[in-house]
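Okay, input32.txt now, which holds compact mmCIF, C-alpha atoms and all ligand atoms:
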# COMPACT_ATOMS: atom_id res chain seq x y z
CA MET Z 33 0.00 0.00 0.00
CA TYR Z 34 1.29 3.39 -0.95
CA THR Z 35 1.65 5.98 1.80
CA ALA Z 36 1.90 9.60 0.83
CA SER Z 37 4.53 11.84 2.36
CA PHE Z 38 3.88 15.09 0.61
CA GLY Z 39 2.75 18.54 1.52
CA LYS Z 40 6.04 20.28 2.25
CA GLY Z 41 6.06 21.90 -1.15
CA ASN Z 42 9.81 21.51 -1.69
CA HIS Z 43 10.80 20.60 -5.17
CA PRO Z 44 13.16 17.63 -5.22
CA VAL Z 45 15.53 19.20 -7.76
CA GLU Z 46 16.70 21.89 -5.38
CA THR Z 47 17.10 19.34 -2.60
CA TRP Z 48 19.49 17.24 -4.65
CA ARG Z 49 21.39 20.13 -6.18
CA LEU Z 50 22.32 21.45 -2.75
CA ASN Z 51 24.33 18.37 -1.82
CA PRO Z 52 26.77 17.29 -4.55
CA SER Z 53 27.96 14.19 -2.67
CA GLU Z 54 24.50 12.62 -2.84
CA PRO Z 55 23.11 10.97 -5.98
CA THR Z 56 21.37 13.29 -8.40
CA LEU Z 57 17.64 13.21 -8.94
CA GLN Z 58 18.26 11.69 -12.36
CA GLU Z 59 20.39 8.87 -10.91
CA ILE Z 60 17.73 8.08 -8.32
CA SER Z 61 15.06 8.13 -11.02
CA GLU Z 62 17.03 5.75 -13.23
CA GLY Z 63 17.27 3.33 -10.31
CA HIS Z 64 13.50 3.44 -9.85
CA ILE Z 65 12.90 3.08 -13.59
CA ALA Z 66 15.08 -0.04 -13.63
CA ALA Z 67 13.04 -1.41 -10.73
CA CYS Z 68 9.80 -0.71 -12.60
CA LEU Z 69 11.06 -2.43 -15.72
CA SER Z 70 12.05 -5.50 -13.73
CA GLY Z 71 8.49 -5.74 -12.43
CA GLU Z 72 8.85 -4.18 -8.99
CA GLN Z 73 5.69 -2.25 -8.13
CA ALA Z 74 7.57 -0.21 -5.52
CA GLY Z 75 9.48 1.49 -8.34
CA TYR Z 76 6.31 3.18 -9.57
CA SER Z 77 5.32 4.58 -6.21
CA ALA Z 78 8.90 5.78 -5.64
CA LEU Z 79 8.87 7.62 -8.99
CA TYR Z 80 5.47 9.06 -8.18
CA GLU Z 81 6.64 10.28 -4.82
CA LEU Z 82 9.61 12.01 -6.43
CA TYR Z 83 7.69 13.83 -9.13
CA ALA Z 84 4.02 13.98 -8.14
CA ALA Z 85 4.11 17.38 -6.47
CA GLY Z 86 6.09 18.94 -9.32
CA VAL Z 87 3.89 17.50 -12.07
CA TYR Z 88 0.70 18.48 -10.26
CA ARG Z 89 1.97 21.99 -9.67
CA LEU Z 90 3.02 22.34 -13.30
CA CYS Z 91 -0.42 21.23 -14.45
CA TYR Z 92 -2.13 23.56 -12.00
CA ASN Z 93 0.02 26.54 -13.01
CA LEU Z 94 -0.87 25.99 -16.64
CA LEU Z 95 -4.54 25.10 -16.23
CA LEU Z 96 -5.29 27.07 -13.04
CA ASN Z 97 -7.95 24.58 -12.02
CA ARG Z 98 -7.59 21.85 -9.40
CA ASP Z 99 -9.78 19.20 -11.00
CA ASP Z 100 -8.15 19.61 -14.40
CA ALA Z 101 -4.70 19.56 -12.82
CA GLU Z 102 -5.47 16.29 -11.00
CA ASP Z 103 -6.83 14.67 -14.16
CA ILE Z 104 -3.91 15.74 -16.32
CA ALA Z 105 -1.30 14.80 -13.72
CA GLN Z 106 -2.88 11.36 -13.47
CA ASP Z 107 -2.96 11.04 -17.24
CA ALA Z 108 0.67 12.07 -17.57
CA PHE Z 109 1.85 9.53 -14.98
CA VAL Z 110 -0.19 6.70 -16.47
CA TYR Z 111 1.22 7.44 -19.93
CA ALA Z 112 4.78 7.70 -18.58
CA PHE Z 113 4.48 4.45 -16.57
CA LYS Z 114 3.01 2.55 -19.51
CA ASN Z 115 5.75 3.84 -21.82
CA LEU Z 116 8.74 3.60 -19.49
CA ARG Z 117 10.54 1.37 -21.98
CA ARG Z 118 10.47 4.19 -24.52
CA TYR Z 119 12.27 6.59 -22.19
CA ASP Z 120 15.89 7.13 -23.27
CA PRO Z 121 18.10 8.62 -20.50
CA SER Z 122 20.72 9.63 -23.07
CA LYS Z 123 18.25 12.01 -24.73
CA ALA Z 124 16.64 13.78 -21.77
CA ALA Z 125 16.38 13.80 -17.99
CA PHE Z 126 13.38 11.86 -16.68
CA LYS Z 127 11.96 15.08 -15.23
CA THR Z 128 12.15 16.79 -18.63
CA TRP Z 129 10.51 13.78 -20.30
CA LEU Z 130 7.73 13.69 -17.73
CA TYR Z 131 7.15 17.45 -17.94
CA THR Z 132 7.00 17.22 -21.74
CA ILE Z 133 4.25 14.60 -21.43
CA ALA Z 134 2.35 16.71 -18.90
CA ILE Z 135 2.63 19.91 -20.97
CA CYS Z 136 1.46 18.07 -24.07
CA ARG Z 137 -1.68 17.00 -22.24
CA CYS Z 138 -2.24 20.47 -20.81
CA ARG Z 139 -2.01 21.91 -24.33
CA ASN Z 140 -4.65 19.48 -25.56
CA LEU Z 141 -6.93 20.57 -22.75
CA TYR Z 142 -6.54 24.32 -23.08
CA ARG Z 143 -6.86 24.00 -26.83
CA ARG Z 144 -10.31 22.57 -26.16
CA ASN Z 145 -11.23 25.02 -23.39
CA ARG Z 146 -9.57 28.10 -24.94
CA VAL Z 147 -9.82 30.12 -21.71
CA PRO Z 148 -8.43 28.68 -18.45
CA LEU Z 149 -11.23 27.85 -16.02
CA LEU Z 150 -9.93 29.52 -12.87
CA ASP Z 151 -10.88 28.09 -9.50
CA ILE Z 152 -13.63 30.01 -7.73
CA ALA Z 153 -11.32 30.58 -4.75
CA THR Z 154 -8.87 32.37 -7.05
CA LEU Z 155 -11.56 34.47 -8.64
CA LEU Z 156 -12.92 35.59 -5.26
CA HIS Z 157 -9.45 36.16 -3.76
CA ASN Z 158 -10.53 33.66 -1.15
CA PRO Z 159 -7.69 31.44 0.07
CA LEU Z 160 -8.86 27.91 0.83
CA THR Z 161 -6.00 27.31 3.22
CA ALA Z 162 -3.96 29.98 4.97
CA PRO Z 163 -0.41 29.09 6.07
CA LYS Z 164 -0.13 28.56 9.82
CA GLY Z 165 1.62 31.17 11.94
CA GLU Z 166 0.87 34.05 9.58
CA SER Z 167 -0.81 37.24 10.69
CA PRO Z 168 -4.17 37.83 8.98
CA GLU Z 169 -2.69 40.79 7.08
CA ALA Z 170 0.29 38.82 5.83
CA ALA Z 171 -1.93 35.86 4.98
CA TYR Z 172 -4.24 38.13 3.03
CA ALA Z 173 -1.34 39.80 1.27
CA HIS Z 174 0.14 36.42 0.32
CA SER Z 175 -3.14 35.05 -0.91
CA ASP Z 176 -3.78 38.29 -2.74
CA ALA Z 177 -0.38 38.10 -4.42
CA ARG Z 178 -1.06 34.49 -5.42
CA ALA Z 179 -4.54 35.26 -6.73
CA THR Z 180 -3.29 38.27 -8.67
CA LEU Z 181 -0.48 36.29 -10.21
CA GLN Z 182 -2.86 33.47 -11.14
CA LYS Z 183 -5.19 35.91 -12.85
CA ALA Z 184 -2.27 37.47 -14.67
CA LEU Z 185 -1.05 34.01 -15.73
CA SER Z 186 -4.48 33.18 -17.09
CA ARG Z 187 -4.27 36.22 -19.35
CA LEU Z 188 -0.88 35.27 -20.79
CA GLN Z 189 -0.53 33.49 -24.10
CA PRO Z 190 -0.16 29.74 -23.45
CA ARG Z 191 3.42 29.55 -24.74
CA LEU Z 192 4.52 32.49 -22.59
CA ARG Z 193 2.72 31.00 -19.58
CA GLU Z 194 4.52 27.68 -20.07
CA ALA Z 195 7.92 29.40 -20.31
CA ILE Z 196 7.46 31.54 -17.21
CA VAL Z 197 6.00 28.67 -15.16
CA LEU Z 198 8.88 26.37 -16.06
CA ARG Z 199 11.40 29.09 -15.28
CA TYR Z 200 10.07 30.47 -12.01
CA GLY Z 201 7.81 27.70 -10.79
CA HIS Z 202 10.18 24.84 -11.48
CA GLY Z 203 13.62 26.42 -11.75
CA LEU Z 204 14.40 25.02 -15.19
CA THR Z 205 17.29 26.46 -17.20
CA TYR Z 206 16.63 27.93 -20.63
CA ARG Z 207 18.03 24.77 -22.20
CA GLU Z 208 15.68 22.58 -20.15
CA ILE Z 209 12.74 24.85 -21.00
CA ALA Z 210 13.68 24.53 -24.66
CA GLU Z 211 13.69 20.71 -24.33
CA VAL Z 212 10.30 20.62 -22.64
CA MET Z 213 8.73 23.15 -25.02
CA GLU Z 214 10.50 21.65 -28.03
CA CYS Z 215 11.93 24.95 -29.26
CA PRO Z 216 15.41 26.53 -29.52
CA ALA Z 217 16.99 27.81 -26.28
CA LYS Z 218 16.99 31.38 -27.64
CA THR Z 219 13.22 31.15 -28.22
CA ALA Z 220 12.74 29.87 -24.67
CA GLU Z 221 14.76 32.80 -23.34
CA SER Z 222 12.84 35.39 -25.29
CA ARG Z 223 9.52 33.81 -24.24
CA VAL Z 224 10.54 34.11 -20.58
CA ARG Z 225 11.48 37.75 -21.16
CA LEU Z 226 8.24 38.57 -22.97
CA ALA Z 227 6.22 36.86 -20.24
CA THR Z 228 8.10 38.77 -17.55
CA GLU Z 229 7.42 42.04 -19.35
CA ALA Z 230 3.72 41.21 -19.75
CA LEU Z 231 3.37 40.19 -16.11
CA GLY Z 232 5.22 43.36 -15.06
CA GLY Z 233 2.44 45.39 -16.61
CA MET Z 234 -0.29 43.38 -14.92
CA LEU Z 235 1.18 42.98 -11.43
CA ARG Z 236 2.19 46.56 -10.68
CA PRO Z 237 -0.54 47.68 -8.27
CA THR Z 238 -0.54 44.65 -6.01
CA GLY Z 239 1.64 41.67 -5.16
CA ALA Z 240 5.03 42.07 -3.59
CA HIS Z 241 4.72 45.82 -3.22
CA LEU Z 242 1.46 45.52 -1.34
CA LEU Z 243 3.00 42.79 0.80
CA GLU Z 244 6.01 44.99 1.58
CA GLU Z 245 3.74 47.90 2.50
CA LEU Z 246 1.54 45.77 4.75
CA LEU Z 247 4.49 44.11 6.49
CA SER Z 248 6.23 47.46 7.10
CA TYR Z 249 3.42 48.68 9.40
CA MET M 248 32.65 46.22 -32.82
CA LYS M 249 28.88 46.64 -33.11
CA THR M 250 27.22 49.30 -30.98
CA TYR M 251 25.40 47.93 -27.97
CA THR M 252 21.85 49.17 -28.54
CA CYS M 253 19.05 49.58 -26.00
CA ARG M 254 17.24 46.67 -27.69
CA ARG M 255 20.20 44.34 -27.27
CA CYS M 256 20.67 45.49 -23.69
CA ARG M 257 17.02 44.73 -22.81
CA GLY M 258 17.34 41.31 -24.38
CA ASP M 259 20.24 40.60 -22.02
CA ILE M 260 18.59 41.93 -18.87
CA PRO M 261 16.83 38.67 -17.72
CA ALA M 262 20.12 36.78 -17.97
CA TYR M 263 21.85 39.72 -16.28
CA ILE M 264 19.38 39.54 -13.40
CA HIS M 265 19.87 35.78 -13.11
CA ARG M 266 23.69 36.19 -13.31
CA GLU M 267 23.86 33.92 -16.32
CA LEU M 268 25.82 36.23 -18.66
CA PRO M 269 29.53 35.82 -19.44
CA ILE M 270 31.69 38.46 -17.71
CA ARG M 271 32.31 40.58 -20.84
CA ARG M 272 28.62 40.83 -21.71
CA ARG M 273 27.71 41.45 -18.13
CA ARG M 274 30.13 44.37 -18.02
CA ARG M 275 28.61 45.74 -21.21
CA VAL M 276 25.09 45.66 -19.75
CA HIS M 277 26.38 47.28 -16.58
CA LEU M 278 28.00 50.12 -18.52
CA HIS M 279 24.89 50.64 -20.62
CA LEU M 280 22.61 50.77 -17.58
CA ASN M 281 24.86 53.38 -16.00
CA GLY M 282 24.45 55.65 -19.00
CA CYS M 283 20.82 54.97 -20.11
CA ALA M 284 17.95 56.00 -17.83
CA ALA M 285 15.28 54.26 -19.93
CA CYS M 286 17.07 50.92 -19.82
CA TYR M 287 17.77 51.36 -16.13
CA ALA M 288 14.04 51.89 -15.48
CA TYR M 289 13.31 48.78 -17.54
CA TYR M 290 15.91 46.85 -15.53
CA ARG M 291 14.34 47.96 -12.21
CA GLN M 292 10.89 46.90 -13.37
CA MET M 293 12.13 43.52 -14.55
CA ARG M 294 14.01 42.96 -11.31
CA ASP M 295 10.89 43.69 -9.25
CA VAL M 296 8.80 41.29 -11.31
CA ASP M 297 11.58 38.72 -11.04
CA ASP M 298 11.58 39.03 -7.23
CA GLU M 299 7.83 38.70 -7.13
CA LEU M 300 7.77 35.69 -9.41
CA ARG M 301 10.52 33.95 -7.45
CA ALA M 302 8.56 34.45 -4.24
CA THR M 303 5.06 33.67 -5.45
CA MET M 304 5.30 31.21 -8.34
CA PRO M 305 6.64 28.21 -6.36
CA VAL M 306 3.75 28.41 -3.87
CA ILE M 307 0.99 28.50 -6.48
CA GLY M 308 -0.79 25.18 -6.77
CA VAL M 309 1.19 23.30 -4.13
CA PRO M 310 -0.86 20.13 -3.67
CA ASP M 311 -1.78 18.65 -0.33
CA ALA M 312 -1.29 14.98 0.60
CA LEU M 313 -4.96 14.17 0.00
CA GLN M 314 -4.85 15.44 -3.56
CA LEU M 315 -1.72 13.47 -4.36
CA ALA M 316 -3.13 10.33 -2.76
CA ARG M 317 -6.28 10.75 -4.87
CA VAL M 318 -4.22 11.07 -8.05
CA TRP M 319 -2.21 8.00 -7.05
CA ARG M 320 -5.39 5.96 -6.58
CA GLY M 321 -6.47 7.02 -10.05
CA ILE M 322 -3.14 5.94 -11.50
CA GLN M 323 -3.33 2.58 -9.77
CA ALA M 324 -6.84 2.02 -11.10
CA GLU M 325 -5.74 2.79 -14.65
CA MET M 326 -2.58 0.70 -14.43
CA ARG M 327 -4.51 -2.39 -13.33
CA PRO M 328 -5.02 -4.82 -16.23
CA ALA M 329 -8.55 -4.52 -17.57
CA ARG M 330 -9.83 -8.00 -16.69
CA PRO M 331 -13.52 -7.63 -17.60
CA ALA M 332 -12.73 -6.41 -21.09
CA TYR M 333 -10.25 -9.23 -21.61
CA GLY M 334 -12.71 -11.82 -20.27
CA HIS M 335 -15.39 -10.44 -22.55
CA TRP M 336 -13.20 -10.83 -25.63
CA ARG M 337 -11.97 -14.22 -24.51
CA MET M 338 -15.57 -15.41 -24.20
CA ARG M 339 -16.42 -14.06 -27.63
CA TYR M 340 -13.45 -15.74 -29.25
CA SER M 341 -14.16 -19.03 -27.48
CA LEU M 342 -17.77 -18.96 -28.64
CA ALA M 343 -16.76 -18.23 -32.23
CA LEU M 344 -14.18 -21.01 -32.14
CA ALA M 345 -16.69 -23.49 -30.71
CA MET M 346 -19.18 -22.60 -33.45
CA MET M 347 -16.53 -23.06 -36.12
CA VAL M 348 -15.60 -26.48 -34.75
CA LEU M 349 -19.25 -27.47 -34.64
CA ALA M 350 -19.77 -26.25 -38.20
CA ILE M 351 -16.95 -28.50 -39.38
CA VAL M 352 -17.58 -31.54 -37.19
CA LEU M 353 -21.38 -31.80 -37.25
CA PRO M 354 -21.93 -32.29 -41.00
CA TRP M 355 -19.11 -34.82 -41.09
CA ARG M 356 -20.54 -36.80 -38.16
CA PHE M 357 -24.02 -36.63 -39.63
CA ALA M 358 -22.82 -37.95 -42.97
CA ALA M 359 -20.93 -40.76 -41.26
CA GLN M 360 -24.02 -41.74 -39.25
CA GLN M 361 -26.19 -41.73 -42.34
CA ALA M 362 -23.71 -43.96 -44.10
CA ARG M 363 -23.85 -46.47 -41.23
CA ALA M 364 -27.61 -46.38 -40.75
CA LEU M 365 -28.56 -47.06 -44.37
CA PRO M 366 -26.76 -50.15 -45.76
CA VAL M 367 -26.96 -50.59 -49.47
CA PRO M 368 -29.56 -53.25 -50.18
CA PRO M 369 -28.49 -55.95 -52.56
CA THR M 370 -29.90 -55.52 -56.02
CA PRO M 371 -32.54 -58.02 -56.99
CA GLN M 372 -30.39 -59.27 -59.87
CA THR M 373 -27.51 -60.24 -57.59
CA GLN M 374 -29.90 -61.85 -55.18
CA THR M 375 -31.37 -63.90 -57.90
CA GLU M 376 -27.98 -64.94 -59.11
CA VAL M 377 -26.83 -65.79 -55.63
CA THR M 378 -29.99 -67.55 -54.87
CA GLU M 379 -29.69 -69.42 -58.10
CA GLY M 380 -26.06 -70.09 -57.36
CA ILE M 381 -27.00 -71.54 -54.01
CA VAL M 382 -29.66 -73.51 -55.51
CA ARG M 383 -27.23 -74.77 -58.04
CA HIS M 384 -24.54 -75.08 -55.46
CA VAL M 385 -26.78 -76.89 -53.11
CA ALA M 386 -27.92 -79.07 -55.90
CA MET M 387 -24.47 -79.64 -57.38
CA ALA M 388 -22.31 -79.79 -54.25
CA THR M 389 -24.48 -82.32 -52.42
CA PRO M 390 -25.39 -85.06 -54.77
CA GLU M 391 -25.27 -87.59 -51.95
CA ALA M 392 -27.78 -85.54 -49.97
CA GLY M 393 -30.32 -86.70 -52.46
CA PRO M 394 -33.69 -85.31 -53.19
CA SER M 395 -34.39 -84.47 -49.57
CA LEU M 396 -32.27 -81.25 -49.79
CA ALA M 397 -33.10 -80.52 -53.37
CA SER M 398 -36.73 -80.48 -52.43
CA TYR M 399 -36.09 -77.37 -50.30
CA ALA M 400 -34.85 -75.39 -53.26
CA PRO M 401 -38.21 -73.90 -54.31
CA SER M 402 -38.77 -72.50 -50.79
CA LEU M 403 -35.28 -70.87 -50.74
CA ARG M 404 -35.89 -69.37 -54.10
CA SER M 405 -39.15 -67.79 -53.01
CA ASP M 406 -37.70 -66.23 -49.82
CA ARG M 407 -35.50 -63.64 -51.51
CA LEU M 408 -34.73 -61.32 -48.60
CA ALA M 409 -34.01 -63.90 -45.94
CA THR M 410 -31.82 -66.27 -47.87
CA PRO M 411 -28.73 -64.17 -48.72
CA ALA M 412 -27.54 -64.10 -45.09
CA ILE M 413 -27.75 -67.84 -44.76
CA VAL M 414 -26.27 -68.26 -48.15
CA ARG M 415 -23.33 -65.94 -47.48
CA ASN M 416 -22.45 -67.76 -44.29
CA ASP M 417 -22.64 -71.18 -45.75
CA ALA M 418 -21.56 -70.46 -49.28
CA PRO M 419 -18.08 -71.69 -50.08
CA THR M 420 -15.76 -69.83 -52.41
CA THR M 421 -16.44 -72.34 -55.03
CA ILE M 422 -19.62 -70.50 -56.05
CA ALA M 423 -17.99 -68.51 -58.78
CA THR M 424 -15.92 -71.35 -60.11
CA ASP M 425 -18.84 -73.68 -60.12
CA THR M 426 -21.00 -71.30 -62.06
CA PRO M 427 -20.65 -71.75 -65.76
ZN ZN Z 501 19.30 51.94 -23.28

Would you write out, as structure tokens, the structure that this file holds?
Amino acid sequence: MYTASFGKGNHPVETWRLNPSEPTLQEISEGHIAACLSGEQAGYSALYELYAAGVYRLCYNLLLNRDDAEDIAQDAFVYAFKNLRRYDPSKAAFKTWLYTIAICRCRNLYRRNRVPLLDIATLLHNPLTAPKGESPEAAYAHSDARATLQKALSRLQPRLREAIVLRYGHGLTYREIAEVMECPAKTAESRVRLATEALGGMLRPTGAHLLEELLSY
Amino acid sequence: MKTYTCRRCRGDIPAYIHRELPIRRRRRVHLHLNGCAACYAYYRQMRDVDDELRATMPVIGVPDALQLARVWRGIQAEMRPARPAYGHWRMRYSLALAMMVLAIVLPWRFAAQQARALPVPPTPQTQTEVTEGIVRHVAMATPEAGPSLASYAPSLRSDRLATPAIVRNDAPTTIATDTP
């Protein structure tokens, strides 16, 4: 039986990059993939535990809807698990491969929906869960910053949204973004810049500045 | 050397902010920003957005354990081999195969049974010949038996269906040779 140990919100990449003496995320993944291919069920749950939070978050950032994000994350994992034999470690990192699958499915969905179906909580600036230990003002400012950013993301062109989410939400390099988005690295870089410019215009009145003002009182 | 335009400088600013530029290009951006107010304003704006995105983006859509457990259950359900569908097809194929076997075997068995149930009756001509042969045989092969056996001949001749069996059992191979 699989037991979940999520909820901290830390992305595994950063964890492994901080300590060079430990095996990389890719090395760990390859071990789990080998286990899966030799018929060990534990390999699948180990891979899921490594990437589930990241894949879900990626789907949510692109679709901005919880139900859709869950469905697409599930779809992406099922496809990846059923096609593990096709994965070639010499061509791409497992994370990049998995993200490519997830993004492909997100594109199919927002091609059908056209406009992202934002969660009601986001639309009403109503945080479903407030972080513990935060003052009401700080909690409101944080949730407000999140809601504003989500609205701004929903107004971005899909390709720009993908680039900015991969860059800032998942810490991918321009080369990795290019791999996931299947475009040249220069294109990935200019998409990130264009998205940053567009968001700059939309985020001005609120967000970090409002947070700074509220916290300074 | 080409002039370092505002457009080229702005293209380099994200990498400048992320400290991903080679030293020479970084120095060029730095020099340009010192002398160009418009690009410096652009740089400040981009840096603020960058700070905001770094702080906010990673916390958007962080799933809780329940959500991830729900997704995992969905994955497990989809990864399970689809037994009912397989059983359904297996039953269909088995039924089709059984019908094919029956279609081949039944007519063959039926034909074989028919062949056994309906023996070919001897033609009257043969019977007559045989009967006559017996009569002759009986008459010729047993001269010492005398008229007592020969007197039965008319009754044998009249009973055409019953006699061949008796005749076949008793008839020696000499029938053909004895017949002229
Ligand atoms: Zn300039």

>> Residues contacting ligand ZN 501 (chain Z) - anything with an atom at most 6 Å away, using all atoms listed in the file - can you give me those as an MDAnalysis selection string?
In response: chainID M and resid 253 283 285:286

Since we have the selection now, will you write its residues out, keeping C-alpha atoms, as an mmCIF file, in the frame of the given file?
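Result written to selection33.cif:
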data_model
loop_
_atom_site.group_PDB
_atom_site.id
_atom_site.type_symbol
_atom_site.label_atom_id
_atom_site.label_comp_id
_atom_site.auth_asym_id
_atom_site.auth_seq_id
_atom_site.Cartn_x
_atom_site.Cartn_y
_atom_site.Cartn_z
ATOM 1 C CA CYS M 253 19.050 49.580 -26.000
ATOM 2 C CA CYS M 283 20.820 54.970 -20.110
ATOM 3 C CA ALA M 285 15.280 54.260 -19.930
ATOM 4 C CA CYS M 286 17.070 50.920 -19.820
#

Closest-contact table, chain M side, partner chain Z, 7 Å, counting only C-alpha atoms, as a tab-separated table:
residue	atom	partner	partner_atom	distance
M:Pro261	CA	Z:Arg225	CA	6.4
M:Gln292	CA	Z:Gly232	CA	6.9
M:Met293	CA	Z:Glu229	CA	6.9
M:Val296	CA	Z:Gly232	CA	5.6
M:Glu299	CA	Z:Ala240	CA	5.6
M:Leu300	CA	Z:Tyr200	CA	6.3
M:Arg301	CA	Z:Tyr200	CA	5.8
M:Thr303	CA	Z:Arg178	CA	6.2
M:Met304	CA	Z:Gly201	CA	5.0
M:Pro305	CA	Z:Gly201	CA	4.6
M:Ile307	CA	Z:Arg178	CA	6.4
M:Gly308	CA	Z:Arg89	CA	5.1
M:Val309	CA	Z:Arg89	CA	5.7
M:Pro310	CA	Z:Ala85	CA	6.3
M:Asp311	CA	Z:Gly39	CA	4.9
M:Ala312	CA	Z:Phe38	CA	5.2
M:Leu315	CA	Z:Ala84	CA	6.9
M:Ala316	CA	Z:Ala36	CA	6.2
M:Val318	CA	Z:Gln106	CA	5.6
M:Gly321	CA	Z:Gln106	CA	6.6
M:Ile322	CA	Z:Gln106	CA	5.8
M:Met326	CA	Z:Val110	CA	6.8

May I have the residues from that selection written out with C-alpha atoms, as a CSV table (one decimal), in the frame of the given file?
chain,number,residue,atom,x,y,z
M,261,PRO,CA,16.8,38.7,-17.7
M,292,GLN,CA,10.9,46.9,-13.4
M,293,MET,CA,12.1,43.5,-14.6
M,296,VAL,CA,8.8,41.3,-11.3
M,299,GLU,CA,7.8,38.7,-7.1
M,300,LEU,CA,7.8,35.7,-9.4
M,301,ARG,CA,10.5,34.0,-7.4
M,303,THR,CA,5.1,33.7,-5.4
M,304,MET,CA,5.3,31.2,-8.3
M,305,PRO,CA,6.6,28.2,-6.4
M,307,ILE,CA,1.0,28.5,-6.5
M,308,GLY,CA,-0.8,25.2,-6.8
M,309,VAL,CA,1.2,23.3,-4.1
M,310,PRO,CA,-0.9,20.1,-3.7
M,311,ASP,CA,-1.8,18.6,-0.3
M,312,ALA,CA,-1.3,15.0,0.6
M,315,LEU,CA,-1.7,13.5,-4.4
M,316,ALA,CA,-3.1,10.3,-2.8
M,318,VAL,CA,-4.2,11.1,-8.0
M,321,GLY,CA,-6.5,7.0,-10.0
M,322,ILE,CA,-3.1,5.9,-11.5
M,326,MET,CA,-2.6,0.7,-14.4

> CA of Asp259 in chain M to CA of Arg271 in chain M: how many Å, to one decimal?
Replying inline: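 Separating CA of Asp259 in chain M from CA of Arg271 in chain M is a distance of 12.1 Å.
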
> CA of Pro216 in chain Z and CA of Leu79 in chain Z are how many Å apart?
Replying inline: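 Atom-to-atom, CA of Pro216 in chain Z to CA of Leu79 in chain Z, that is 28.7 Å.
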
>> Please determine, counting only C-alpha atoms, which residue among M:Met338, M:Ile260, M:Leu313, M:Leu349 has the shortest atom-to-atom distance to Arg275 in chain M.
In response: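 Answer, going by the shortest atom-to-atom distance: M:Ile260.
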
> Between CA of Arg266 in chain M and CA of Asp297 in chain M, what is the distance, to one decimal in Å?
Replying inline: 12.6 Å

>> Taking (16.2, 20.9, -17.9) in the coordinates of the supplied file, I want to know which residues reach to within 10 Å of it, counting all atoms listed in the file; could you give the answer as a list in words?
In response: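 Within the cut-off we find Ala124, Ala125, Phe126, Lys127, Thr128, Trp129, Tyr131, Leu198, Arg199, His202, Gly203, Leu204, Thr205, Tyr206, Arg207, Glu208, Ile209, Ala210, Glu211 and Val212 of chain Z.
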
For the residues in the current selection, export C-alpha atoms as a PDB file, in the coordinates of the input.
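The result, stored in out20.pdb:
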ATOM      1  CA  ALA Z 124      16.640  13.780 -21.770  1.00  0.00           C
ATOM      2  CA  ALA Z 125      16.380  13.800 -17.990  1.00  0.00           C
ATOM      3  CA  PHE Z 126      13.380  11.860 -16.680  1.00  0.00           C
ATOM      4  CA  LYS Z 127      11.960  15.080 -15.230  1.00  0.00           C
ATOM      5  CA  THR Z 128      12.150  16.790 -18.630  1.00  0.00           C
ATOM      6  CA  TRP Z 129      10.510  13.780 -20.300  1.00  0.00           C
ATOM      7  CA  TYR Z 131       7.150  17.450 -17.940  1.00  0.00           C
ATOM      8  CA  LEU Z 198       8.880  26.370 -16.060  1.00  0.00           C
ATOM      9  CA  ARG Z 199      11.400  29.090 -15.280  1.00  0.00           C
ATOM     10  CA  HIS Z 202      10.180  24.840 -11.480  1.00  0.00           C
ATOM     11  CA  GLY Z 203      13.620  26.420 -11.750  1.00  0.00           C
ATOM     12  CA  LEU Z 204      14.400  25.020 -15.190  1.00  0.00           C
ATOM     13  CA  THR Z 205      17.290  26.460 -17.200  1.00  0.00           C
ATOM     14  CA  TYR Z 206      16.630  27.930 -20.630  1.00  0.00           C
ATOM     15  CA  ARG Z 207      18.030  24.770 -22.200  1.00  0.00           C
ATOM     16  CA  GLU Z 208      15.680  22.580 -20.150  1.00  0.00           C
ATOM     17  CA  ILE Z 209      12.740  24.850 -21.000  1.00  0.00           C
ATOM     18  CA  ALA Z 210      13.680  24.530 -24.660  1.00  0.00           C
ATOM     19  CA  GLU Z 211      13.690  20.710 -24.330  1.00  0.00           C
ATOM     20  CA  VAL Z 212      10.300  20.620 -22.640  1.00  0.00           C
TER      21      VAL Z 212
END

>> When you count only C-alpha atoms, which of these residues is closest to Arg187 in chain Z: Z:Ala227, Z:Asp100, Z:Arg137, Z:Ile65?
In response: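 Using only C-alpha atoms, the shortest distance to Arg187 in chain Z belongs to Z:Ala227.
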